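Right, one structure below, let's go through it.
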Amino acid sequence: MAGVIELKKTEMDDNLLVRGCLQGRKEEFKQIFERYGGKLMALALNLLQNHEDAEDACQEAFIRAYRNLEKFDSQKSFKNWLYAIVYNRCLDRLRQRRRFRDFYTKMKREHAPSSFGPAPSLSSEQPLIKDVLKKLRPKERISLFLWASEGFTSDEVASVLKCSPSTARVFIFKARKKIKALLEKENV
Amino acid sequence: MFKCKVINFLFFSIPLKHWQDFLIRRHLQRCPLCQKKLASAEEVRAMFVQEGESESIASLWPALRIKLGKEERAKVSFRRRRLAWMMGAAGLIAVVAAFLWLSIGPGKVISNEGASERFQIHYLKVGSMPARTYLFKPYGSKMIFIWAEKEISKEEPND
């Protein structure tokens with residue numbers, strides 16, 4: 001019960017901050033940034049596995065949020081809205097990477113292989129997350145992250161992923177099952 | 001155990017989200033044996049990068065503030081441009097409306113003067129006799145009635 005009251009209070013605070021931003025006060029937006037910046041950065045890092053990309057995605061997401069604050073429905077959760085923006089930015093980045101890789105592979109196949117060096121890595125050399133997590137699809141990974149690290153319910157995960165709560169539950173279940181199987185395999 | 005195997009088989013053999021969710025809620029989430037095959041929240045949390053584990057994001061704010069300033073200026077200039085366009089369009093509409101009003105609008109007065117010049121009957125006969133003709137134009141109407149009547153020669157009463 002206390003958790004629910006606390007959550008409602010936070011949501012209310014968020015709405016106050018949003019109203020302040022809409023009146024042109026940048027200090028309020030700084031508070032939003034301080035409140036959610038770290039969490040969103042962690043989410044972006046877990047999805048993109050690269051500091052630069054994660055920073056860019058976060059920055060883009062905050063700018064997009066600022067630009068579209070007027071469109072935010074105060075009846076809904078501001079936190080979930082912000083998470084959804086970051087998630088979409090990260091997906092855009094992942095698509096960009098995939099397109100670049102496809103293009104590079106195609107060029108390498110069409111031209112002499114000697115003129116091409118190794119494929120430039122778009123992700124950092126140092127692995128940021130466990131290899132086991134890389135085996136999950138982005139949707140499964142983010143569902144799992146929101147569920148385990150942020151304590152989101154399947155309804156909240158669904159609102160970030162823009163899918164039904166049933167789908168979110170299935171994502172979480174499958175991801176947990178995969179992780180367990182991989183962990184057991186690692187330990188053997 | 002057998003039931004768990006059957007449910008797991010059904011879960012993976014029918015890849016419909018609502019069906020899978022039904023199985024999760026009815027069995028997989030509750031059954032302790034099936035739960036053992038799922039990673040716990042603690043196990044999962046340990047794998048992910050958590051808030052505060054990565055570099056501080058405070059360094060992002062100055063760059064973000066500059067970008068937000070640009071965004072604000074762009075927003076203001078966009079609003080100004082939109083206002084200018086709206087005013088221009090409204091002015092243009094007003095000019096066109098005024099032009100239409102003056103040229104073909106209901107404010108134009110149709111004068112009755114000159115009706116006879118525009119409509120002339122030179123000669124009209126009724127019963128092979130020259131007829132008396134009258135033109136009627138009701139006020140405010142575009143219709144013209146032509147009234148022709150037989151010329152009746154009035155005989156002088158005999159005293």
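Naming works like this for the structure tokens: A, B, ... for the chains as they're shown, residue 1 at the start of each chain, ligands 1 onward in shown order.
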Got a sec to pull out which chain A residues are within 7 Å of chain B, counting only C-alpha atoms, and send them as a compact mmCIF listing (two decimals) with N, CA, C and O atoms, in the first residue's frame?
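Below is the file out.txt, written as the result:
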```txt
# COMPACT_ATOMS: atom_id res chain seq x y z
N GLY A 37 17.87 10.17 -15.55
CA GLY A 37 19.04 10.04 -16.43
C GLY A 37 19.80 8.74 -16.23
O GLY A 37 20.10 8.02 -17.18
N GLY A 38 20.11 8.43 -14.96
CA GLY A 38 20.90 7.24 -14.64
C GLY A 38 20.18 5.96 -15.03
O GLY A 38 20.78 5.05 -15.63
N LYS A 39 18.90 5.90 -14.72
CA LYS A 39 18.11 4.71 -15.04
C LYS A 39 18.03 4.50 -16.56
O LYS A 39 18.18 3.39 -17.06
N ALA A 42 21.29 3.32 -17.97
CA ALA A 42 21.49 1.88 -17.72
C ALA A 42 20.69 1.06 -18.73
O ALA A 42 21.20 0.08 -19.29
N ASN A 46 22.35 -1.42 -21.51
CA ASN A 46 22.01 -2.85 -21.58
C ASN A 46 21.51 -3.26 -22.96
O ASN A 46 21.66 -4.41 -23.36
N GLN A 59 20.61 11.23 -24.90
CA GLN A 59 20.50 12.66 -25.22
C GLN A 59 19.36 12.91 -26.22
O GLN A 59 18.53 13.80 -26.01
N ILE A 63 15.91 15.09 -25.62
CA ILE A 63 15.53 16.20 -26.51
C ILE A 63 14.13 15.93 -27.10
O ILE A 63 13.28 16.81 -27.14
N ILE A 129 27.98 -6.09 -20.97
CA ILE A 129 27.03 -7.01 -20.32
C ILE A 129 27.45 -8.44 -20.62
O ILE A 129 28.23 -8.70 -21.54
N LYS A 130 26.92 -9.34 -19.87
CA LYS A 130 27.29 -10.75 -20.01
C LYS A 130 26.88 -11.28 -21.38
O LYS A 130 25.86 -10.86 -21.93
N ALA A 148 13.35 -7.11 -13.76
CA ALA A 148 14.28 -7.47 -12.68
C ALA A 148 14.91 -6.26 -12.01
O ALA A 148 14.99 -6.20 -10.79
N SER A 149 15.35 -5.29 -12.81
CA SER A 149 16.08 -4.17 -12.22
C SER A 149 15.19 -3.02 -11.80
O SER A 149 15.47 -2.34 -10.82
N SER A 166 -0.17 -9.49 -21.98
CA SER A 166 0.07 -10.93 -22.23
C SER A 166 1.40 -11.12 -22.96
O SER A 166 2.20 -11.98 -22.59
N THR A 167 1.59 -10.31 -23.98
CA THR A 167 2.84 -10.41 -24.76
C THR A 167 4.04 -10.11 -23.87
O THR A 167 5.06 -10.81 -23.94
N ARG A 169 4.29 -10.52 -20.66
CA ARG A 169 4.48 -11.67 -19.75
C ARG A 169 5.21 -12.80 -20.47
O ARG A 169 6.11 -13.43 -19.91
N VAL A 170 4.83 -13.02 -21.73
CA VAL A 170 5.47 -14.09 -22.51
C VAL A 170 6.95 -13.76 -22.74
O VAL A 170 7.82 -14.63 -22.61
N ARG A 176 13.50 -15.42 -19.10
CA ARG A 176 13.94 -16.04 -17.85
C ARG A 176 14.33 -17.50 -18.08
O ARG A 176 15.31 -18.00 -17.55
N LYS A 177 13.56 -18.16 -18.91
CA LYS A 177 13.81 -19.58 -19.20
C LYS A 177 15.13 -19.75 -19.96
O LYS A 177 15.95 -20.62 -19.64
N ILE A 179 17.66 -17.65 -20.02
CA ILE A 179 18.79 -17.28 -19.15
C ILE A 179 19.14 -18.44 -18.21
O ILE A 179 20.31 -18.80 -18.05
N LYS A 180 18.12 -19.03 -17.64
CA LYS A 180 18.37 -20.13 -16.70
C LYS A 180 19.07 -21.29 -17.41
O LYS A 180 20.05 -21.84 -16.89
```
Just the residues within 12 Å of Asp92 (chain A), please, counting only C-alpha atoms, with nothing from its chain fewer than 4 positions along; format it as a PyMOL selection string. chain A and resi 44+47-48+53-54+56-57+60-61+85-88+96-99+138
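Taking CA of Lys125 (chain B) and CA of Glu151 (chain B) as the two end points, the separation is 9.3 Å.
Computed from the coordinates, the CA of Asp102 (chain A) to CA of Gln49 (chain A) distance equals 19.4 Å.
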